[in-house]
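A quick write-up on the structure given underneath.
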Amino acid sequence: MIVAALIAMAGPCAAQVGAGPTAITLPPQRVASDHPYPGVVDLSVDAADVDHKIIRVRETLPVTGPGVMTLLYPQWETASHAPTAEANALAGLQIRADGGDPLAWRRDPFDVFAFQVQPPADARRLTLDFQYVSSTSPGRLQMEPDALSVQWQSVLLYPAGWYARDIPVRASVRTPAGFTAASSLSPDEGGTSYKPVSLETLVDSPVFGGRKMRSIDLGRLDDAPVSMRLFADDAAALNVSDDYRAKLKTMVAQTGAVFGPPHFKHYDFLVSLSELLPSGGGTEHLRSSENNLPPDFFAHPQDHLIYQDLLAHEFVHSWNGKFRTPAGLWTPDFNTPSKNDLLWVYEGETEYWGIVLAARAGLRTRQQTLDLFAVKAAAARARVGRRWKSLADSSLDPVFDSGHGVTWRDWQGREAYYVEGVLLWLDVDTLIRERTGGRRSLDDFARAFYGVGDHSEAPLTYSMDDLCSALARVAPGDWRAFFDERLNAHDDAHLLDGLRRGGYELVDSDAPTQTARQAEVDEGGLDLRASLGVLVGKGGRIRRLAWDSVAFRAGIGPEAVLTSVNGAAYTDAALLTALRAPPAAFKLGFSQDGHNRVATITGAGAPRYPSLRSMSGRHRLDDILSPASLPAAGR
Ligand SMILES: [Zn+2]
């Protein structure tokens with residue numbers, strides 16, 4: 001009776017059907033179609049103004065018919081799998097027909113990346129002038145006095161209605177005096193612009209430029225040359241030892257041995273070694289990759305163990321991700337949303353192979369590689385957010401997470417398909433080896449799945465069924481059920497199966513391995529997430545707080561600054577001493593939201609660091625890390 005009375009009371013005021021405005025009609029989704037484009041787009045990019053970090057663009061394109069023309073500014077960036085482009089970086093747009101006065105244009109109110117213009121009836125060509133105002137924020141620069149990168153998707157508009165592969169573009173780029181430019185594009189005979197390529201290929205072929213550049217030959221795969229183009233602010237950073245170059249050549253050859261014939265005619269690793277450009281990340285392309293590394297990377301590779309697989313990871317992407325790509329991730333143009341459901345293959349398997357190939361090439365020792373697996377496994381195990389968010393769901397993270405900070409990384413998740421992808425594909429690899437008595441491995445799957453085709457550079461898409469069928473041809477089994485169970489799990493029952501089948505268990509140690517120590521430095525502080533539940537940066541500032549950890553339950557928040565330990569001024573050493581003392585409560589002072597507080601800490605325990613312990617039985621992980629024997633041509 002009471003419930004019914006409440007519903008009766010709530011009804012009229014909580015819901016008012018028909019008592020207000022009606023919704024306007026939204027336009028249908030714009031659809032591209034696959035048909036010939038009548039002409040060529042000419043794109044002239046002036047990237048010489050590094051002082052203001054402004055790129056000036058002039059573009060001409062044919063008028064393709066009567067009526068309103070729609071020009072699109074690329075919104076979805078293929079490597080980020082997300083609408084990460086920024087419409088506010090395009091400025092100063094003017095559109096003219098056949099050199100006449102500027103035409104009025106209008107931005108689509110439902111799609112701010114679309115510009116509509118009505119050319120005069122007899123117009124033949126449109127000329128567009130605009131600027132791309134690149135970032136001026138430290139850590140996000142694309143242009144600095146000694147180096148720059150040109151991302152074509154940021155410096156062009158393209159006509160709506162065609163697949164990107166249908167639109168030919170003749171592009172040129174001007175860099176500051178004294179700069180050398182490199183990309184996977186081929187210069188035309190005159191040397192002033194690049195040979196025309198499709199819009200799809202152009203956007204997949206960024207340009208790096210700089211004052212100090214060095215090219216390094218890394219051998220050939222089949223007949224395709226592979227080169228590395230280094231750009232640095234300081235010429236000393238361009239020195240690569242013969243030993244390290246030999247390892248990179250081995251990495252290239254070993255990748256070819258796994259994945260089979262390349263789908264490029266030449267490949268360029270574009271590498272920046274700059275304090276000013278973003279550091280420590282990569283972007284994949286079919287014929288090249290962008291690799292941003294610390295300036296002293298080649299001088300002291302052992303100080304950068306975390307990044308030793310970056311080049312291998314991006315190289316693997318030429319096969320896994322760019323040539324063979326999940327059907328949902330392939331889109332006909334750069335303003336059509338992608339469906340990100342197989343990123344645990346696109347990124348997860350690539351991350352696994354990057355680590356394996358770095359080991360096979362000697363870029364990391366066997367022990368350093370085992371230590372890295374321990375770091376990854378510990379990070380995956382600590383993702384308590386699995387209780388509500390599956391690995392499958394993480395594939396959608398880029399669409400809503402890109403460009404946003406994540407406060408509770410272990411609870412909110414965020415692109416778990418990288419770290420957990422490593423464990424998942426180790427699970428697959430060891431299972432294939434177990435089921436086939438060691439006769440087959442993930443190498444056989446990779447060769448069969450990614451080494452197909454006729455050497456054309458056109459992508460080949462696949463579905464989940466294609467993937468599971470290809471695995472079943474290597475090792476019989478219900479791979480769909482295998483993946484479904486792991487991708488949708490809300491516990492960690494299978495998380496470490498691959499490690500165990502590989503002959504190792506994850507254990508906690510008192511002291512960090514060299515790799516764990518460098519991972520801690522890379523994270524930016526003192527990593528106590530496995531005990532107290534915090535990662536402490538400079539000056540006691542909390543950089544990461546583990547969800548529902550000892551520190552969390554003691555009332556410490558994610559923005560707190562630690563100020564004292566048992567009444568004495570805070571130091572990292574004092575905190576470590578308190579954590580290592582026999583089990584007893586201690587007082588931890590902190591400042592948070594303008595208030596000074598003191599928490600009583602109990603039960604955190606001493607700092608713990610991940611490592612692997614060898615188990616009895618077959619060490620399949622050691623087999624996996626052993627180099628494949630190479631055909632004579634690959635040596
Ligand atoms: Zn990747």
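Chain labels A, B, ... are given in the sequence in which chains occur in the structure tokens; within each chain residues are numbered consecutively from 1, and ligands are likewise numbered from 1 in the order shown.
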Distance table requested - chain A against ligand 1, cut-off 7 Å, only C-alpha atoms and all ligand atoms: one row per qualifying residue with the closest atom pair and its distance in Å to one decimal, ordered by chain and rising residue number, as JSON lines.
{"residue": "A:Thr283", "atom": "CA", "partner": "ligand 1", "partner_atom_place_in_ligand_line": "1 (Zn)", "distance": 6.9}
{"residue": "A:Glu284", "atom": "CA", "partner": "ligand 1", "partner_atom_place_in_ligand_line": "1 (Zn)", "distance": 6.5}
{"residue": "A:His313", "atom": "CA", "partner": "ligand 1", "partner_atom_place_in_ligand_line": "1 (Zn)", "distance": 6.3}
{"residue": "A:Glu314", "atom": "CA", "partner": "ligand 1", "partner_atom_place_in_ligand_line": "1 (Zn)", "distance": 6.1}
{"residue": "A:His317", "atom": "CA", "partner": "ligand 1", "partner_atom_place_in_ligand_line": "1 (Zn)", "distance": 6.6}
{"residue": "A:Glu347", "atom": "CA", "partner": "ligand 1", "partner_atom_place_in_ligand_line": "1 (Zn)", "distance": 4.9}
{"residue": "A:Thr350", "atom": "CA", "partner": "ligand 1", "partner_atom_place_in_ligand_line": "1 (Zn)", "distance": 6.4}
{"residue": "A:Glu351", "atom": "CA", "partner": "ligand 1", "partner_atom_place_in_ligand_line": "1 (Zn)", "distance": 6.7}
Residues of region 275-357 of chain A within 12 Å of region 418-429 of chain A: nearest atom pair and distance (Å, one decimal) for each, counting only C-alpha atoms, sorted by chain and number, as a tab-separated table?
residue	atom	partner	partner_atom	distance
A:His313	CA	A:Tyr418	CA	11.3
A:Leu342	CA	A:Gly421	CA	11.0
A:Leu343	CA	A:Tyr418	CA	8.7
A:Trp344	CA	A:Gly421	CA	5.7
A:Val345	CA	A:Gly421	CA	7.5
A:Tyr346	CA	A:Tyr418	CA	9.5
A:Glu347	CA	A:Tyr418	CA	6.0
A:Gly348	CA	A:Gly421	CA	3.8
A:Glu349	CA	A:Trp425	CA	5.9
A:Thr350	CA	A:Val422	CA	8.4
A:Glu351	CA	A:Val422	CA	6.0
A:Tyr352	CA	A:Val422	CA	4.5
A:Trp353	CA	A:Val422	CA	8.3
A:Gly354	CA	A:Val422	CA	9.6
A:Ile355	CA	A:Val422	CA	8.6
A:Val356	CA	A:Leu426	CA	9.8
Practice task
Can you work out the spacing between CA of Leu277 (chain A) and CA of Ser135 (chain A) in Å, to one decimal?
Solution key: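 Interatomic distance here is 10.7 Å.
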Exercise for the section: Return as a ChimeraX atom specification the full set of residues in region 189-283 of chain A whose backbone-based DSSP assignment is strand (DSSP E or B). Expected result: /A:194,197-198,207-210,213-221,224-232,267-273,281-283
Kindly export the residues of the current selection with N, CA and C atoms, as a CSV table (one decimal), in the first residue's frame.
chain,number,residue,atom,x,y,z
A,194,TYR,N,56.3,15.0,-53.2
A,194,TYR,CA,56.3,13.6,-53.2
A,194,TYR,C,55.5,13.0,-54.3
A,197,VAL,N,50.2,9.8,-53.9
A,197,VAL,CA,49.8,8.5,-53.2
A,197,VAL,C,48.3,8.7,-52.9
A,198,SER,N,47.7,7.6,-52.4
A,198,SER,CA,46.3,7.8,-52.0
A,198,SER,C,46.3,8.5,-50.7
A,207,VAL,N,56.0,12.7,-41.7
A,207,VAL,CA,57.3,13.2,-42.0
A,207,VAL,C,58.0,13.6,-40.7
A,208,PHE,N,59.2,13.2,-40.5
A,208,PHE,CA,60.1,13.8,-39.5
A,208,PHE,C,61.1,14.7,-40.2
A,209,GLY,N,61.5,15.8,-39.5
A,209,GLY,CA,62.5,16.7,-40.0
A,209,GLY,C,63.4,17.1,-38.9
A,210,GLY,N,64.6,17.5,-39.2
A,210,GLY,CA,65.5,18.0,-38.1
A,210,GLY,C,66.8,18.5,-38.7
A,213,MET,N,70.5,14.7,-38.5
A,213,MET,CA,69.8,13.4,-38.9
A,213,MET,C,70.9,12.4,-39.3
A,214,ARG,N,70.6,11.2,-39.0
A,214,ARG,CA,71.5,10.1,-39.4
A,214,ARG,C,70.7,8.9,-39.8
A,215,SER,N,71.1,8.4,-41.0
A,215,SER,CA,70.4,7.2,-41.5
A,215,SER,C,71.2,5.9,-41.2
A,216,ILE,N,70.6,4.9,-40.8
A,216,ILE,CA,71.3,3.6,-40.4
A,216,ILE,C,70.6,2.5,-41.2
A,217,ASP,N,71.3,1.7,-41.9
A,217,ASP,CA,70.8,0.6,-42.7
A,217,ASP,C,70.6,-0.6,-41.7
A,218,LEU,N,69.4,-1.2,-41.7
A,218,LEU,CA,69.1,-2.3,-40.8
A,218,LEU,C,68.8,-3.6,-41.7
A,219,GLY,N,69.4,-3.6,-42.9
A,219,GLY,CA,69.2,-4.8,-43.7
A,219,GLY,C,68.0,-4.8,-44.6
A,220,ARG,N,67.7,-6.0,-45.1
A,220,ARG,CA,66.5,-6.2,-46.0
A,220,ARG,C,65.7,-7.3,-45.5
A,221,LEU,N,64.4,-7.2,-45.8
A,221,LEU,CA,63.5,-8.4,-45.7
A,221,LEU,C,63.0,-8.7,-47.1
A,224,ALA,N,63.1,-5.8,-49.6
A,224,ALA,CA,62.7,-4.5,-49.1
A,224,ALA,C,63.7,-4.0,-48.1
A,225,PRO,N,64.3,-2.8,-48.4
A,225,PRO,CA,65.3,-2.3,-47.4
A,225,PRO,C,64.6,-1.7,-46.2
A,226,VAL,N,65.3,-1.9,-45.0
A,226,VAL,CA,64.8,-1.4,-43.7
A,226,VAL,C,65.8,-0.4,-43.2
A,227,SER,N,65.4,0.8,-42.9
A,227,SER,CA,66.3,1.8,-42.4
A,227,SER,C,65.8,2.5,-41.2
A,228,MET,N,66.7,3.1,-40.4
A,228,MET,CA,66.4,3.9,-39.3
A,228,MET,C,66.9,5.3,-39.5
A,229,ARG,N,66.0,6.3,-39.3
A,229,ARG,CA,66.3,7.7,-39.5
A,229,ARG,C,66.3,8.3,-38.1
A,230,LEU,N,67.4,8.7,-37.6
A,230,LEU,CA,67.5,9.3,-36.3
A,230,LEU,C,67.5,10.8,-36.3
A,231,PHE,N,66.8,11.4,-35.5
A,231,PHE,CA,66.8,12.9,-35.4
A,231,PHE,C,67.0,13.2,-33.9
A,232,ALA,N,68.0,14.2,-33.7
A,232,ALA,CA,68.3,14.5,-32.3
A,232,ALA,C,68.6,16.0,-32.2
A,267,TYR,N,61.0,0.2,-45.5
A,267,TYR,CA,60.4,0.5,-44.2
A,267,TYR,C,61.4,1.5,-43.5
A,268,ASP,N,60.8,2.5,-42.9
A,268,ASP,CA,61.7,3.5,-42.2
A,268,ASP,C,61.2,3.6,-40.7
A,269,PHE,N,62.2,3.3,-39.8
A,269,PHE,CA,61.9,3.7,-38.4
A,269,PHE,C,62.3,5.1,-38.3
A,270,LEU,N,61.3,6.0,-38.0
A,270,LEU,CA,61.6,7.4,-37.8
A,270,LEU,C,61.7,7.6,-36.2
A,271,VAL,N,62.9,8.0,-35.8
A,271,VAL,CA,63.2,8.0,-34.4
A,271,VAL,C,63.6,9.4,-34.0
A,272,SER,N,62.9,10.0,-33.0
A,272,SER,CA,63.3,11.3,-32.4
A,272,SER,C,64.0,11.0,-31.0
A,273,LEU,N,65.1,11.8,-30.8
A,273,LEU,CA,65.8,11.7,-29.5
A,273,LEU,C,65.9,13.1,-29.0
A,281,GLY,N,57.4,6.9,-26.6
A,281,GLY,CA,56.2,6.3,-27.2
A,281,GLY,C,56.3,6.1,-28.7
A,282,GLY,N,55.4,5.4,-29.2
A,282,GLY,CA,55.6,5.1,-30.6
A,282,GLY,C,54.2,5.1,-31.3
A,283,THR,N,54.2,5.3,-32.6
A,283,THR,CA,53.0,5.2,-33.5
A,283,THR,C,53.3,4.4,-34.7
Problem - Interatomic distance, CA of Thr577 (chain A) to CA of Ala546 (chain A) (Å, one decimal) - result: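 Value for the CA of Thr577 (chain A)-CA of Ala546 (chain A) distance: 20.6 Å.
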Practice task
Based on DSSP run over this structure's backbone, return all residues of region 471-607 of chain A in helix (DSSP H, G or I), as JSON, numbers by chain.
Solution key: {"A": [471, 472, 473, 474, 479, 480, 481, 482, 483, 484, 485, 486, 487, 497, 498, 499, 500, 501, 514, 515, 516, 517, 518, 519, 520, 521, 522, 523, 538, 539, 540, 550, 551, 552, 553, 572, 573, 574, 575, 576, 577, 578, 579, 580]}
Per-residue nearest contacts region 94-178 of chain A to region 234-249 of chain A, cut-off 12 Å, using only C-alpha atoms, as a Markdown table:
| residue | atom | partner | partner_atom | distance |
| --- | --- | --- | --- | --- |
| A:Pro145 | CA | A:Asp234 | CA | 11.9 |
| A:Asp146 | CA | A:Asp234 | CA | 9.1 |
| A:Ala147 | CA | A:Asp234 | CA | 10.7 |
Exercise for the section: Find the residue from A:Leu471, A:Thr78, A:Ile432, A:Gly67 that sits nearest to Gln118 (chain A); use only C-alpha atoms when measuring. Expected result: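 The shortest atom-to-atom distance to Gln118 (chain A) comes from A:Gly67.
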Where does region 189-303 of chain A meet region 69-77 of chain A within 12 Å, residue by residue, with the nearest atom pair and distance in Å to one decimal for each, counting only C-alpha atoms, listed by chain and rising number, as a Markdown table?
| residue | atom | partner | partner_atom | distance |
| --- | --- | --- | --- | --- |
| A:Leu199 | CA | A:Pro74 | CA | 11.2 |
| A:Glu200 | CA | A:Pro74 | CA | 11.4 |
| A:Val203 | CA | A:Glu77 | CA | 9.3 |
| A:Asp204 | CA | A:Glu77 | CA | 10.0 |
| A:Thr283 | CA | A:Glu77 | CA | 10.6 |
| A:Glu284 | CA | A:Glu77 | CA | 11.3 |
| A:His285 | CA | A:Glu77 | CA | 11.7 |
Saved selection, atoms kept: all heavy atoms, as a PDB file, in the first residue's frame:
ATOM      1  N   LEU A 199      45.143   9.139 -50.374  1.00  0.00           N
ATOM      2  CA  LEU A 199      44.979   9.825 -49.091  1.00  0.00           C
ATOM      3  C   LEU A 199      45.233   8.857 -47.932  1.00  0.00           C
ATOM      4  O   LEU A 199      45.817   9.224 -46.916  1.00  0.00           O
ATOM      5  CB  LEU A 199      43.562  10.413 -49.017  1.00  0.00           C
ATOM      6  CG  LEU A 199      43.173  11.113 -47.724  1.00  0.00           C
ATOM      7  CD1 LEU A 199      44.053  12.328 -47.463  1.00  0.00           C
ATOM      8  CD2 LEU A 199      41.693  11.515 -47.766  1.00  0.00           C
ATOM      9  N   GLU A 200      44.811   7.595 -48.100  1.00  0.00           N
ATOM     10  CA  GLU A 200      45.017   6.592 -47.057  1.00  0.00           C
ATOM     11  C   GLU A 200      46.508   6.393 -46.785  1.00  0.00           C
ATOM     12  O   GLU A 200      46.954   6.370 -45.637  1.00  0.00           O
ATOM     13  CB  GLU A 200      44.377   5.264 -47.499  1.00  0.00           C
ATOM     14  CG  GLU A 200      44.475   4.153 -46.483  1.00  0.00           C
ATOM     15  CD  GLU A 200      43.790   2.879 -46.983  1.00  0.00           C
ATOM     16  OE1 GLU A 200      44.216   2.335 -48.025  1.00  0.00           O
ATOM     17  OE2 GLU A 200      42.821   2.447 -46.346  1.00  0.00           O
ATOM     18  N   VAL A 203      48.235   9.692 -45.159  1.00  0.00           N
ATOM     19  CA  VAL A 203      47.999   9.878 -43.720  1.00  0.00           C
ATOM     20  C   VAL A 203      48.772   8.832 -42.902  1.00  0.00           C
ATOM     21  O   VAL A 203      49.099   9.060 -41.740  1.00  0.00           O
ATOM     22  CB  VAL A 203      46.481   9.852 -43.432  1.00  0.00           C
ATOM     23  CG1 VAL A 203      46.184   9.749 -41.950  1.00  0.00           C
ATOM     24  CG2 VAL A 203      45.833  11.112 -44.009  1.00  0.00           C
ATOM     25  N   ASP A 204      49.117   7.725 -43.559  1.00  0.00           N
ATOM     26  CA  ASP A 204      49.891   6.681 -42.879  1.00  0.00           C
ATOM     27  C   ASP A 204      51.403   6.880 -43.044  1.00  0.00           C
ATOM     28  O   ASP A 204      52.174   5.989 -42.717  1.00  0.00           O
ATOM     29  CB  ASP A 204      49.473   5.314 -43.434  1.00  0.00           C
ATOM     30  CG  ASP A 204      49.893   4.163 -42.534  1.00  0.00           C
ATOM     31  OD1 ASP A 204      49.760   4.300 -41.297  1.00  0.00           O
ATOM     32  OD2 ASP A 204      50.361   3.133 -43.061  1.00  0.00           O
ATOM     33  N   THR A 283      54.235   5.269 -32.645  1.00  0.00           N
ATOM     34  CA  THR A 283      53.022   5.242 -33.457  1.00  0.00           C
ATOM     35  C   THR A 283      53.309   4.391 -34.684  1.00  0.00           C
ATOM     36  O   THR A 283      54.312   4.585 -35.371  1.00  0.00           O
ATOM     37  CB  THR A 283      52.628   6.665 -33.887  1.00  0.00           C
ATOM     38  OG1 THR A 283      52.468   7.467 -32.718  1.00  0.00           O
ATOM     39  CG2 THR A 283      51.313   6.645 -34.653  1.00  0.00           C
ATOM     40  N   GLU A 284      52.392   3.455 -34.946  1.00  0.00           N
ATOM     41  CA  GLU A 284      52.622   2.481 -36.001  1.00  0.00           C
ATOM     42  C   GLU A 284      52.089   2.946 -37.344  1.00  0.00           C
ATOM     43  O   GLU A 284      51.087   3.662 -37.409  1.00  0.00           O
ATOM     44  CB  GLU A 284      51.952   1.153 -35.629  1.00  0.00           C
ATOM     45  CG  GLU A 284      50.427   1.183 -35.582  1.00  0.00           C
ATOM     46  CD  GLU A 284      49.858   1.678 -34.259  1.00  0.00           C
ATOM     47  OE1 GLU A 284      50.605   2.307 -33.491  1.00  0.00           O
ATOM     48  OE2 GLU A 284      48.657   1.446 -34.000  1.00  0.00           O
ATOM     49  N   HIS A 285      52.783   2.503 -38.386  1.00  0.00           N
ATOM     50  CA  HIS A 285      52.317   2.681 -39.757  1.00  0.00           C
ATOM     51  C   HIS A 285      52.725   1.446 -40.551  1.00  0.00           C
ATOM     52  O   HIS A 285      53.521   0.647 -40.081  1.00  0.00           O
ATOM     53  CB  HIS A 285      52.912   3.958 -40.362  1.00  0.00           C
ATOM     54  CG  HIS A 285      52.624   5.187 -39.545  1.00  0.00           C
ATOM     55  ND1 HIS A 285      51.386   5.782 -39.515  1.00  0.00           N
ATOM     56  CD2 HIS A 285      53.396   5.892 -38.683  1.00  0.00           C
ATOM     57  CE1 HIS A 285      51.406   6.817 -38.687  1.00  0.00           C
ATOM     58  NE2 HIS A 285      52.614   6.903 -38.164  1.00  0.00           N
TER      59      HIS A 285
END
Problem - Pick from A:Leu61, A:Ala182, A:Ala604, A:Ala519 nearest to Lys212 (chain A), counting only C-alpha atoms - result: A:Ala182
Practice task
List the neighbours of Ala581 (chain A) out to 12 Å using only C-alpha atoms; skip same-chain residues closer than 6 positions along the sequence, and give me the result as a list in words.
Solution key: Ala574, Leu575, Thr602, Gly603, Ala604, Gly605, Ala606 and Pro607 of chain A
Problem - Residue neighbourhood region 397-410 of chain A, 8 Å, only C-alpha atoms, exclusion window fewer than 3 positions, as a PyMOL selection string - result: chain A and resi 80-84+382-385+393-394+413-415+544-547+558
Convert the current residue selection to file output with all heavy atoms, as a short mmCIF file (atom, residue, chain, number, x, y, z; two decimals), in the first residue's frame.
data_model
loop_
_atom_site.label_atom_id
_atom_site.label_comp_id
_atom_site.auth_asym_id
_atom_site.auth_seq_id
_atom_site.Cartn_x
_atom_site.Cartn_y
_atom_site.Cartn_z
N SER A 80 45.41 5.89 -32.70
CA SER A 80 44.86 6.07 -31.36
C SER A 80 43.50 5.40 -31.22
O SER A 80 42.98 5.29 -30.12
CB SER A 80 44.75 7.57 -31.01
OG SER A 80 43.82 8.21 -31.86
N HIS A 81 42.93 4.95 -32.34
CA HIS A 81 41.64 4.25 -32.31
C HIS A 81 40.57 5.10 -31.64
O HIS A 81 39.72 4.60 -30.90
CB HIS A 81 41.74 2.89 -31.59
CG HIS A 81 43.02 2.19 -31.86
ND1 HIS A 81 43.38 1.76 -33.11
CD2 HIS A 81 44.07 1.85 -31.06
CE1 HIS A 81 44.57 1.19 -33.07
NE2 HIS A 81 45.01 1.24 -31.84
N ALA A 82 40.64 6.40 -31.86
CA ALA A 82 39.77 7.31 -31.11
C ALA A 82 39.65 8.63 -31.85
O ALA A 82 40.50 8.97 -32.68
CB ALA A 82 40.38 7.55 -29.72
N PRO A 83 38.60 9.39 -31.54
CA PRO A 83 38.45 10.72 -32.16
C PRO A 83 39.34 11.74 -31.46
O PRO A 83 38.87 12.66 -30.80
CB PRO A 83 36.96 11.02 -31.96
CG PRO A 83 36.59 10.26 -30.73
CD PRO A 83 37.45 9.04 -30.69
N THR A 84 40.65 11.57 -31.59
CA THR A 84 41.60 12.36 -30.80
C THR A 84 42.06 13.63 -31.47
O THR A 84 42.76 14.43 -30.86
CB THR A 84 42.84 11.50 -30.46
OG1 THR A 84 43.15 10.67 -31.59
CG2 THR A 84 42.59 10.63 -29.26
N ALA A 382 47.50 -6.67 -10.09
CA ALA A 382 47.07 -5.57 -9.21
C ALA A 382 45.85 -4.84 -9.76
O ALA A 382 45.32 -3.94 -9.09
CB ALA A 382 48.22 -4.58 -9.03
N ARG A 383 45.39 -5.19 -10.97
CA ARG A 383 44.23 -4.47 -11.54
C ARG A 383 42.94 -4.98 -10.88
O ARG A 383 42.23 -5.83 -11.41
CB ARG A 383 44.16 -4.63 -13.06
CG ARG A 383 43.05 -3.75 -13.68
CD ARG A 383 43.08 -3.77 -15.19
NE ARG A 383 42.59 -4.98 -15.79
CZ ARG A 383 41.30 -5.26 -16.05
NH1 ARG A 383 40.36 -4.38 -15.73
NH2 ARG A 383 40.96 -6.39 -16.62
N VAL A 384 42.65 -4.40 -9.72
CA VAL A 384 41.46 -4.85 -8.97
C VAL A 384 40.17 -4.47 -9.70
O VAL A 384 39.10 -5.03 -9.44
CB VAL A 384 41.46 -4.27 -7.54
CG1 VAL A 384 42.60 -4.86 -6.73
CG2 VAL A 384 41.56 -2.74 -7.58
N GLY A 385 40.25 -3.53 -10.62
CA GLY A 385 39.07 -3.13 -11.39
C GLY A 385 38.50 -4.24 -12.24
O GLY A 385 37.39 -4.13 -12.77
N ASP A 393 36.07 -5.25 -22.20
CA ASP A 393 35.58 -3.87 -22.13
C ASP A 393 36.71 -2.87 -22.32
O ASP A 393 36.50 -1.77 -22.84
CB ASP A 393 34.87 -3.63 -20.79
CG ASP A 393 34.21 -2.27 -20.74
OD1 ASP A 393 33.23 -2.08 -21.49
OD2 ASP A 393 34.68 -1.39 -20.00
N SER A 394 37.93 -3.24 -21.92
CA SER A 394 39.04 -2.28 -22.02
C SER A 394 39.33 -1.92 -23.47
O SER A 394 39.93 -0.88 -23.74
CB SER A 394 40.29 -2.82 -21.32
OG SER A 394 41.00 -3.71 -22.14
N GLY A 413 40.79 0.92 -14.68
CA GLY A 413 41.38 0.19 -15.81
C GLY A 413 42.09 1.16 -16.71
O GLY A 413 42.70 2.08 -16.25
N ARG A 414 42.03 1.09 -17.91
CA ARG A 414 42.57 1.91 -18.98
C ARG A 414 43.52 1.06 -19.83
O ARG A 414 44.65 0.78 -19.45
CB ARG A 414 43.32 3.13 -18.49
CG ARG A 414 43.83 3.97 -19.67
CD ARG A 414 44.24 5.34 -19.18
NE ARG A 414 44.54 6.21 -20.28
CZ ARG A 414 44.51 7.54 -20.18
NH1 ARG A 414 44.20 8.11 -19.08
NH2 ARG A 414 44.80 8.28 -21.20
N GLU A 415 43.02 0.70 -20.95
CA GLU A 415 43.83 0.01 -21.95
C GLU A 415 44.57 -1.18 -21.35
O GLU A 415 45.76 -1.38 -21.58
CB GLU A 415 44.77 1.00 -22.62
CG GLU A 415 43.98 2.12 -23.29
CD GLU A 415 44.85 3.17 -23.97
OE1 GLU A 415 46.08 3.06 -23.90
OE2 GLU A 415 44.28 4.09 -24.57
N ARG A 544 50.38 7.99 -7.42
CA ARG A 544 49.37 6.94 -7.64
C ARG A 544 48.93 6.41 -6.30
O ARG A 544 49.75 6.23 -5.40
CB ARG A 544 49.95 5.76 -8.45
CG ARG A 544 50.29 6.09 -9.88
CD ARG A 544 49.05 6.00 -10.76
NE ARG A 544 49.30 6.63 -12.06
CZ ARG A 544 48.33 7.11 -12.83
NH1 ARG A 544 47.07 7.03 -12.45
NH2 ARG A 544 48.60 7.66 -13.97
N LEU A 545 47.65 6.15 -6.17
CA LEU A 545 47.10 5.57 -4.95
C LEU A 545 46.33 4.32 -5.36
O LEU A 545 45.46 4.39 -6.23
CB LEU A 545 46.18 6.58 -4.27
CG LEU A 545 45.53 6.16 -2.95
CD1 LEU A 545 46.59 5.88 -1.88
CD2 LEU A 545 44.61 7.27 -2.46
N ALA A 546 46.69 3.20 -4.75
CA ALA A 546 46.03 1.94 -5.11
C ALA A 546 44.65 1.88 -4.46
O ALA A 546 44.48 2.23 -3.29
CB ALA A 546 46.87 0.75 -4.66
N TRP A 547 43.69 1.43 -5.26
CA TRP A 547 42.29 1.35 -4.84
C TRP A 547 42.15 0.42 -3.63
O TRP A 547 42.67 -0.70 -3.62
CB TRP A 547 41.45 0.82 -6.00
CG TRP A 547 39.98 0.80 -5.75
CD1 TRP A 547 39.24 -0.26 -5.31
CD2 TRP A 547 39.07 1.88 -5.91
NE1 TRP A 547 37.93 0.10 -5.20
CE2 TRP A 547 37.79 1.42 -5.57
CE3 TRP A 547 39.21 3.21 -6.33
CZ2 TRP A 547 36.65 2.22 -5.63
CZ3 TRP A 547 38.09 4.01 -6.40
CH2 TRP A 547 36.83 3.52 -6.04
N PRO A 558 44.19 10.84 -3.36
CA PRO A 558 45.11 10.76 -4.51
C PRO A 558 45.96 12.01 -4.72
O PRO A 558 46.94 11.96 -5.44
CB PRO A 558 44.17 10.52 -5.69
CG PRO A 558 42.83 10.97 -5.25
CD PRO A 558 42.79 10.78 -3.77
#
Fill in the blank from the handout: CA of Ala358 (chain A) sits from CA of Asp309 (chain A) at a separation of 5.3 Å
Can you write out as a Markdown table which residues of region 312-418 of chain A fall within 7 Å of region 489-497 of chain A, alongside each residue's closest atom pair and its distance in Å to one decimal, counting only C-alpha atoms and ordering rows by chain and ascending residue number?
| residue | atom | partner | partner_atom | distance |
| --- | --- | --- | --- | --- |
| A:Arg386 | CA | A:His490 | CA | 5.2 |
| A:Arg387 | CA | A:His490 | CA | 4.7 |
| A:Trp388 | CA | A:His490 | CA | 6.6 |
| A:Ser390 | CA | A:Ala489 | CA | 5.9 |
I'd like a table as CSV: residues in region 61-147 of chain A with an atom no more than 8 Å from region 17-39 of chain A, each row giving the shortest atom pair and its distance in Å to one decimal, only C-alpha atoms counted, sorted by chain and rising residue number.
residue,atom,partner,partner_atom,distance
A:Leu61,CA,A:Gly39,CA,7.6
A:Pro62,CA,A:Gly39,CA,6.3
A:Thr64,CA,A:Pro38,CA,6.9
A:Phe110,CA,A:Pro27,CA,7.8
Problem - Pick from A:Pro176, A:Pro627, A:Gly139, A:Gly321, whichever lies nearest to Asp51 (chain A) using only C-alpha atoms - result: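 Comparing A:Pro176, A:Pro627, A:Gly139, A:Gly321 against Asp51 (chain A), the winner is A:Pro176.
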